$ cat coords_1.cif   # mmCIF, C-alpha atoms
data_coords
loop_
_atom_site.label_atom_id
_atom_site.label_comp_id
_atom_site.auth_asym_id
_atom_site.auth_seq_id
_atom_site.Cartn_x
_atom_site.Cartn_y
_atom_site.Cartn_z
CA MET K 1 0.00 0.00 0.00
CA ARG K 2 1.36 3.42 -0.98
CA TRP K 3 1.69 6.10 1.69
CA ARG K 4 -0.98 8.17 -0.08
CA ASP K 5 -3.45 5.28 0.14
CA GLY K 6 -2.65 4.87 3.83
CA PHE K 7 -3.18 8.57 4.46
CA GLU K 8 -6.53 8.54 2.62
CA LEU K 9 -7.58 5.48 4.64
CA CYS K 10 -6.85 7.36 7.89
CA VAL K 11 -8.78 10.43 6.71
CA LEU K 12 -11.71 8.21 5.77
CA ALA K 13 -11.58 6.59 9.22
CA LEU K 14 -11.87 10.02 10.85
CA LEU K 15 -14.76 11.03 8.60
CA TRP K 16 -16.70 7.79 9.04
CA GLY K 17 -15.71 7.16 12.65
CA SER K 18 -17.05 10.54 13.76
CA ALA K 19 -20.20 10.03 11.67
CA TYR K 20 -21.54 7.49 14.17
CA LEU K 21 -21.80 10.09 16.92
CA PHE K 22 -23.53 12.63 14.65
CA ILE K 23 -26.06 9.98 13.59
CA ARG K 24 -26.60 8.96 17.22
CA SER K 25 -27.15 12.60 18.19
CA ALA K 26 -29.43 13.63 15.30
CA VAL K 27 -31.52 10.52 14.62
CA PRO K 28 -33.90 10.93 17.61
CA GLU K 29 -34.95 14.34 16.22
CA PHE K 30 -35.20 13.45 12.52
CA GLY K 31 -35.97 9.74 12.52
CA PRO K 32 -33.91 7.16 10.56
CA VAL K 33 -35.27 7.64 7.03
CA PRO K 34 -35.44 11.47 6.93
CA LEU K 35 -31.94 11.69 8.43
CA ILE K 36 -30.39 9.34 5.87
CA ALA K 37 -32.32 10.81 2.93
CA LEU K 38 -31.05 14.29 3.86
CA ARG K 39 -27.51 13.05 4.42
CA LEU K 40 -27.26 11.26 1.10
CA GLY K 41 -29.14 13.97 -0.81
CA ILE K 42 -26.81 16.69 0.46
CA SER K 43 -23.83 14.55 -0.47
CA ALA K 44 -25.11 14.05 -4.02
CA LEU K 45 -25.62 17.80 -4.44
CA VAL K 46 -22.14 18.54 -3.09
CA LEU K 47 -20.47 16.17 -5.55
CA ALA K 48 -22.72 16.77 -8.57
CA PRO K 49 -20.85 19.90 -9.83
CA LEU K 50 -17.60 17.94 -9.75
CA LEU K 51 -19.18 15.18 -11.83
CA VAL K 52 -20.63 17.63 -14.38
CA GLY K 53 -17.33 19.50 -14.62
CA ARG K 54 -15.55 16.28 -15.48
CA GLY K 55 -18.14 15.27 -18.08
CA GLY K 56 -19.24 12.26 -16.06
CA LEU K 57 -22.97 12.31 -16.82
CA ARG K 58 -22.42 9.81 -19.63
CA ALA K 59 -20.89 7.39 -17.12
CA LEU K 60 -24.10 7.51 -15.08
CA ARG K 61 -26.20 6.50 -18.07
CA ARG K 62 -23.73 3.80 -19.08
CA ASN K 63 -23.74 2.25 -15.60
CA ALA K 64 -27.38 2.92 -14.69
CA GLY K 65 -28.20 -0.72 -13.84
CA PRO K 66 -25.27 -1.44 -11.50
CA LEU K 67 -25.65 2.00 -9.88
CA LEU K 68 -29.30 1.30 -9.18
CA VAL K 69 -28.39 -1.94 -7.40
CA GLN K 70 -25.53 -0.21 -5.60
CA GLY K 71 -27.73 2.64 -4.42
CA VAL K 72 -30.60 0.49 -3.19
CA ALA K 73 -28.94 -2.63 -1.76
CA PHE K 74 -25.55 -1.34 -0.65
CA SER K 75 -26.31 2.24 0.35
CA ALA K 76 -29.92 3.15 1.18
CA ILE K 77 -30.82 -0.05 3.04
CA PRO K 78 -27.68 -0.41 5.20
CA PHE K 79 -27.60 3.31 6.03
CA VAL K 80 -31.22 3.24 7.23
CA LEU K 81 -30.49 0.10 9.25
CA LEU K 82 -27.53 1.86 10.88
CA ALA K 83 -29.62 4.93 11.72
CA TRP K 84 -32.43 2.79 13.14
CA ALA K 85 -29.97 0.81 15.27
CA SER K 86 -28.49 4.09 16.54
CA LEU K 87 -31.78 4.91 18.24
CA SER K 88 -31.01 2.32 20.90
CA MET K 89 -27.23 1.76 20.66
CA SER K 90 -24.26 3.99 21.41
CA ALA K 91 -22.07 5.41 18.65
CA GLY K 92 -19.16 3.29 19.85
CA LEU K 93 -21.15 0.06 19.81
CA THR K 94 -22.54 0.63 16.30
CA ALA K 95 -19.00 1.34 15.04
CA ILE K 96 -17.68 -1.83 16.67
CA LEU K 97 -20.39 -3.96 15.07
CA ASN K 98 -19.76 -2.28 11.73
CA ALA K 99 -16.14 -3.40 12.06
CA THR K 100 -17.38 -6.84 11.01
CA SER K 101 -17.78 -5.56 7.41
CA PRO K 102 -14.24 -6.65 6.40
CA LEU K 103 -14.97 -10.11 7.81
CA PHE K 104 -18.07 -10.41 5.64
CA ALA K 105 -16.09 -8.97 2.70
CA ALA K 106 -13.40 -11.63 3.07
CA LEU K 107 -16.00 -14.40 3.31
CA VAL K 108 -17.86 -13.11 0.24
CA ALA K 109 -14.57 -12.86 -1.67
CA HIS K 110 -14.07 -16.58 -1.07
CA LEU K 111 -17.64 -17.63 -1.92
CA TRP K 112 -18.25 -15.27 -4.86
CA LEU K 113 -14.80 -14.55 -6.31
CA ALA K 114 -13.16 -17.87 -5.44
CA GLU K 115 -10.41 -16.15 -3.46
CA ARG K 116 -8.44 -18.63 -1.37
CA ILE K 117 -8.78 -17.92 2.35
CA GLY K 118 -6.13 -20.21 3.84
CA ARG K 119 -5.81 -21.42 7.43
CA TRP K 120 -4.72 -18.18 9.05
CA ARG K 121 -7.36 -16.02 7.39
CA ALA K 122 -10.02 -18.64 8.21
CA LEU K 123 -8.86 -18.46 11.83
CA GLY K 124 -9.16 -14.69 11.63
CA LEU K 125 -12.77 -14.96 10.45
CA ALA K 126 -13.57 -17.30 13.34
CA ILE K 127 -11.88 -15.00 15.87
CA GLY K 128 -13.56 -11.91 14.46
CA PHE K 129 -17.06 -13.34 14.67
CA ALA K 130 -16.26 -14.73 18.12
CA GLY K 131 -15.51 -11.14 19.08
CA VAL K 132 -19.12 -10.26 18.29
CA LEU K 133 -20.20 -12.88 20.83
CA VAL K 134 -17.83 -11.37 23.41
CA LEU K 135 -19.26 -7.94 22.69
CA VAL K 136 -22.93 -8.87 23.08
CA TRP K 137 -22.65 -11.68 25.63
CA GLY K 138 -25.35 -11.27 28.27
CA GLY K 139 -26.69 -8.10 26.68
CA VAL K 140 -28.91 -9.33 23.85
CA ASP K 141 -32.52 -8.52 24.62
CA PHE K 142 -35.27 -8.82 21.98
CA ARG K 143 -37.99 -7.50 24.27
CA PRO K 144 -39.40 -3.97 23.70
CA GLY K 145 -36.70 -1.45 24.55
CA GLY K 146 -33.90 -4.02 24.17
CA THR K 147 -31.00 -3.86 21.75
CA GLY K 148 -31.38 -7.33 20.20
CA TRP K 149 -33.00 -6.24 16.94
CA ALA K 150 -30.69 -3.24 16.68
CA LEU K 151 -27.74 -5.63 16.86
CA VAL K 152 -29.24 -7.77 14.09
CA ALA K 153 -29.82 -4.65 11.98
CA MET K 154 -26.18 -3.60 12.35
CA LEU K 155 -24.89 -7.04 11.35
CA VAL K 156 -27.15 -7.06 8.28
CA ALA K 157 -25.89 -3.58 7.35
CA SER K 158 -22.29 -4.73 7.79
CA PHE K 159 -22.91 -7.75 5.59
CA LEU K 160 -24.41 -5.58 2.85
CA TRP K 161 -21.45 -3.19 2.97
CA GLY K 162 -19.09 -6.16 2.79
CA VAL K 163 -20.85 -7.39 -0.36
CA GLY K 164 -21.11 -3.85 -1.76
CA GLY K 165 -17.37 -3.35 -1.90
CA HIS K 166 -17.02 -6.33 -4.23
CA TRP K 167 -20.01 -5.27 -6.31
CA THR K 168 -18.37 -1.89 -6.86
CA ARG K 169 -15.08 -3.36 -7.96
CA VAL K 170 -16.56 -6.08 -10.20
CA LYS K 171 -19.51 -4.24 -11.77
CA LEU K 172 -18.33 -0.62 -11.65
CA GLY K 173 -14.57 -0.99 -11.95
CA GLY K 174 -14.45 1.07 -15.14
CA ALA K 175 -16.35 4.06 -13.73
CA SER K 176 -14.70 7.00 -11.99
CA PRO K 177 -15.02 7.34 -8.19
CA VAL K 178 -16.96 10.59 -8.68
CA ALA K 179 -19.51 8.94 -11.00
CA ILE K 180 -19.96 6.00 -8.64
CA SER K 181 -20.33 8.30 -5.63
CA VAL K 182 -22.85 10.68 -7.21
CA GLY K 183 -24.83 7.88 -8.84
CA THR K 184 -25.03 5.84 -5.63
CA LEU K 185 -25.92 8.83 -3.46
CA ALA K 186 -28.52 10.17 -5.89
CA VAL K 187 -30.25 6.80 -6.30
CA SER K 188 -30.33 6.31 -2.52
CA ALA K 189 -31.66 9.79 -1.80
CA LEU K 190 -34.37 9.64 -4.50
CA LEU K 191 -35.48 6.20 -3.33
CA LEU K 192 -35.78 7.35 0.28
CA ALA K 193 -37.33 10.77 -0.44
CA PRO K 194 -41.03 9.74 -0.41
CA PHE K 195 -40.52 7.68 2.75
CA ALA K 196 -38.72 10.61 4.35
CA VAL K 197 -41.64 12.92 3.57
CA ALA K 198 -44.11 10.39 4.97
CA THR K 199 -42.16 10.02 8.23
CA TRP K 200 -41.01 13.64 8.66
CA PRO K 201 -40.99 14.58 12.38
CA SER K 202 -43.88 16.67 13.68
CA GLN K 203 -41.51 18.53 16.01
CA PRO K 204 -39.00 20.70 14.06
CA PRO K 205 -35.41 19.45 14.56
CA SER K 206 -33.03 21.75 16.43
CA ALA K 207 -30.31 23.87 14.84
CA ARG K 208 -27.71 21.50 16.28
CA ALA K 209 -29.38 18.51 14.61
CA TRP K 210 -29.47 20.35 11.27
CA ALA K 211 -25.77 21.22 11.63
CA GLU K 212 -24.98 17.56 12.29
CA VAL K 213 -26.87 16.51 9.16
CA VAL K 214 -24.91 19.03 7.08
CA VAL K 215 -21.61 17.69 8.45
CA LEU K 216 -22.76 14.15 7.69
CA GLY K 217 -23.75 15.09 4.14
CA VAL K 218 -20.77 17.23 3.19
CA ALA K 219 -17.90 15.52 5.00
CA SER K 220 -18.85 11.97 5.96
CA SER K 221 -20.80 11.01 2.83
CA GLY K 222 -19.62 13.56 0.25
CA LEU K 223 -15.88 13.42 0.75
CA GLY K 224 -16.09 10.01 2.44
CA PHE K 225 -17.76 8.23 -0.50
CA LEU K 226 -15.30 9.77 -2.91
CA LEU K 227 -12.34 8.54 -0.87
CA TYR K 228 -13.89 5.11 -0.36
CA TYR K 229 -14.54 4.34 -4.03
CA ARG K 230 -11.10 5.69 -4.90
CA LEU K 231 -9.58 3.27 -2.39
CA VAL K 232 -11.68 0.36 -3.71
CA ARG K 233 -10.11 0.92 -7.13
CA ASN K 234 -6.58 1.45 -5.82
CA ILE K 235 -6.22 -1.14 -3.06
CA GLY K 236 -9.16 -3.53 -3.46
CA ALA K 237 -12.50 -4.05 -1.75
CA VAL K 238 -11.27 -5.89 1.36
CA ARG K 239 -8.53 -3.38 2.16
CA ALA K 240 -10.84 -0.44 1.45
CA THR K 241 -13.55 -1.90 3.68
CA SER K 242 -10.90 -2.32 6.39
CA VAL K 243 -11.44 1.36 7.19
CA THR K 244 -13.88 -0.04 9.75
CA PHE K 245 -10.79 -1.43 11.47
CA LEU K 246 -10.00 2.17 12.48
CA ASN K 247 -13.55 3.42 13.04
CA PRO K 248 -14.30 1.95 16.51
CA PRO K 249 -11.52 3.80 18.40
CA VAL K 250 -12.51 7.06 16.66
CA ALA K 251 -16.21 6.52 17.41
CA MET K 252 -15.68 5.51 21.04
CA ILE K 253 -13.40 8.46 21.81
CA ALA K 254 -15.59 10.94 19.91
CA GLY K 255 -18.75 9.51 21.48
CA ALA K 256 -17.29 9.88 24.96
CA LEU K 257 -16.17 13.47 24.32
CA TYR K 258 -19.18 14.69 22.28
CA LEU K 259 -22.07 12.71 23.78
CA GLY K 260 -20.69 11.60 27.13
CA GLU K 261 -21.11 7.92 26.25
CA GLY K 262 -19.52 5.33 28.46
CA VAL K 263 -16.88 2.84 27.33
CA THR K 264 -17.09 -0.50 29.11
CA LEU K 265 -14.49 -3.22 29.55
CA GLN K 266 -16.72 -5.58 27.55
CA MET K 267 -16.76 -3.12 24.64
CA LEU K 268 -12.97 -2.87 24.70
CA ALA K 269 -12.58 -6.65 24.89
CA GLY K 270 -15.04 -7.24 22.05
CA THR K 271 -13.33 -4.58 19.94
CA ALA K 272 -9.90 -6.10 20.52
CA VAL K 273 -11.07 -9.59 19.51
CA ILE K 274 -12.97 -8.36 16.43
CA LEU K 275 -10.05 -6.25 15.21
CA ALA K 276 -7.54 -9.04 15.86
CA GLY K 277 -9.65 -11.39 13.79
CA THR K 278 -10.06 -8.76 11.11
CA GLY K 279 -6.30 -8.29 10.90
CA LEU K 280 -5.79 -12.02 10.38
CA ALA K 281 -8.70 -12.31 7.92
CA LEU K 282 -7.30 -9.46 5.82
CA GLY K 283 -3.77 -10.85 5.89
CA LEU K 284 -2.52 -7.72 7.65
CA VAL K 285 -1.03 -9.63 10.57
CA GLY K 286 0.10 -13.20 11.21
CA PRO K 287 2.60 -15.52 9.52
CA ARG K 288 3.64 -14.36 6.06
CA ALA K 289 1.31 -11.36 6.26
CA ALA K 290 0.98 -9.95 2.79
CA PRO K 291 -1.27 -7.55 0.93
CA VAL K 292 -4.51 -9.10 -0.25
CA THR K 293 -6.68 -8.17 -3.18
CA ALA K 294 -10.29 -9.19 -2.82
CA ALA K 295 -11.31 -8.67 -6.41
CA PRO K 296 -8.35 -8.78 -8.77
CA GLN K 297 -8.42 -7.17 -12.18
CA ALA K 298 -8.98 -10.53 -13.85
CA VAL K 299 -12.54 -10.81 -12.56
CA GLN K 300 -13.66 -7.33 -13.50
CA ARG K 301 -16.25 -7.04 -16.27
#

$ encode --input "coords_1.cif" --output "structure tokens"
Amino acid sequence: MRWRDGFELCVLALLWGSAYLFIRSAVPEFGPVPLIALRLGISALVLAPLLVGRGGLRALRRNAGPLLVQGVAFSAIPFVLLAWASLSMSAGLTAILNATSPLFAALVAHLWLAERIGRWRALGLAIGFAGVLVLVWGGVDFRPGGTGWALVAMLVASFLWGVGGHWTRVKLGGASPVAISVGTLAVSALLLAPFAVATWPSQPPSARAWAEVVVLGVASSGLGFLLYYRLVRNIGAVRATSVTFLNPPVAMIAGALYLGEGVTLQMLAGTAVILAGTGLALGLVGPRAAPVTAAPQAVQR
């Protein structure tokens, strides 16, 4: 990995890691669907002039089908699931659960793209998913007011993002990061718009909540999506999705400072186990650690 790719990965971790606390803070006032529709719509508007200036509208038409799938299955749905889960879970906990995305990405790479996992990466997958059990042990409650369904929602969102990285590389490998970003964001926002109108809060959101939505739209999704799709092209889907490896520490620290959220020993233990497994599954640590490419050029079409 080049130093520039590493720097962009760290910037993306800051943008996406801090996004969890802004979602956690704003979602009670807006509701999940209006919040995400605004976030993604703002992001599309921010990036649209860049796309037009580069003559990328033709790329949107050429890749309309894959972008539709990308926007619906791998953007709108997982983002709404994350926002809904944030109603009952802390920013740090949602970030930790989202750190399972690279584990799902590695598993999908094996099942879909026939990438060889090997013993050490298989061990990493087992350790990573065991970390989820450590994290939620004794705390899963599916009764009203419990966090059981929120946990399930976060794992489904993480799975979809793990699949989405490979979809981007395989189906949209020839499109520019700007075209992919704008197309995905626009499709997601337009799909969610009628549902956002139908569920718009009766009580006007506060100025702070509006400011948080703007930060989410401009920085986290606008610049964040652009960096993410650029990294998918440059370093592969699994390594790009490994940004979630860095998100939990950012989210836990930011959540404690910004929202006063607590950080428990169980959260730290679960995070450590998940990230250790992720490192092994990605080939970043362990015997003969070497860079991995989840979706090599040969399978692009």

$ residues_around --input "coords_1.cif" --residues "segment 180-196 of chain K" --least-positions-apart "4" --cutoff "9 Å" --atoms "all atoms listed in the file" --output "VMD selection string"
chain K and resid 31 to 48 51 59 to 60 63 to 64 67 to 72 74 to 77 168 172 175 to 176 200 221 to 222 225 to 226 228 to 229

$ residues_around --input "coords_1.cif" --residues "Tyr20 of chain K" --least-positions-apart "2" --cutoff "7 Å" --atoms "all atoms listed in the file" --output "PDB file with C-alpha atoms, keeping the file's coordinate frame"
ATOM      1  CA  GLY K  17     -15.710   7.160  12.650  1.00  0.00           C
ATOM      2  CA  SER K  18     -17.050  10.540  13.760  1.00  0.00           C
ATOM      3  CA  PHE K  22     -23.530  12.630  14.650  1.00  0.00           C
ATOM      4  CA  ILE K  23     -26.060   9.980  13.590  1.00  0.00           C
ATOM      5  CA  ARG K  24     -26.600   8.960  17.220  1.00  0.00           C
ATOM      6  CA  ALA K  91     -22.070   5.410  18.650  1.00  0.00           C
ATOM      7  CA  ALA K  95     -19.000   1.340  15.040  1.00  0.00           C
ATOM      8  CA  ALA K 251     -16.210   6.520  17.410  1.00  0.00           C
TER       9      ALA K 251
END

$ residues_around --input "coords_1.cif" --residues "segment 209-215 of chain K" --least-positions-apart "3" --cutoff "7 Å" --atoms "all atoms listed in the file" --output "MDAnalysis selection string"
chainID K and resid 22 26 39 205:206 218:220

$ resolve_selection --input "coords_1.cif" --expression "the PyMOL selection byres ((chain K and resi 128-145) around 6)" --output "list in words"
Gly124, Leu125, Ala126, Ile127, Gly146, Thr147, Gly148, Gln266, Met267, Gly270, Val273, Ile274, Gly277 and Thr278 of chain K

$ residues_near_point --input "coords_1.cif" --point "(-24.6, 5.6, 29.3)" --cutoff "12 Å" --atoms "all atoms listed in the file" --output "number ranges by chain"
K: 88-93, 255-256, 259-264

$ write_last_selection --input "coords_1.cif" --atoms "C-alpha atoms" --output "compact mmCIF listing (two decimals), in the coordinates of the input"
# COMPACT_ATOMS: atom_id res chain seq x y z
CA SER K 88 -31.01 2.32 20.90
CA MET K 89 -27.23 1.76 20.66
CA SER K 90 -24.26 3.99 21.41
CA ALA K 91 -22.07 5.41 18.65
CA GLY K 92 -19.16 3.29 19.85
CA LEU K 93 -21.15 0.06 19.81
CA GLY K 255 -18.75 9.51 21.48
CA ALA K 256 -17.29 9.88 24.96
CA LEU K 259 -22.07 12.71 23.78
CA GLY K 260 -20.69 11.60 27.13
CA GLU K 261 -21.11 7.92 26.25
CA GLY K 262 -19.52 5.33 28.46
CA VAL K 263 -16.88 2.84 27.33
CA THR K 264 -17.09 -0.50 29.11

$ axis_aligned_box --input "coords_1.cif" --around "segment 72-80 of chain K" --padding-each-side "4 Å" --output "AutoDock Vina command-line options"
--center_x -28.4 --center_y 0.3 --center_z 2.0 --size_x 13.7 --size_y 13.9 --size_z 18.4
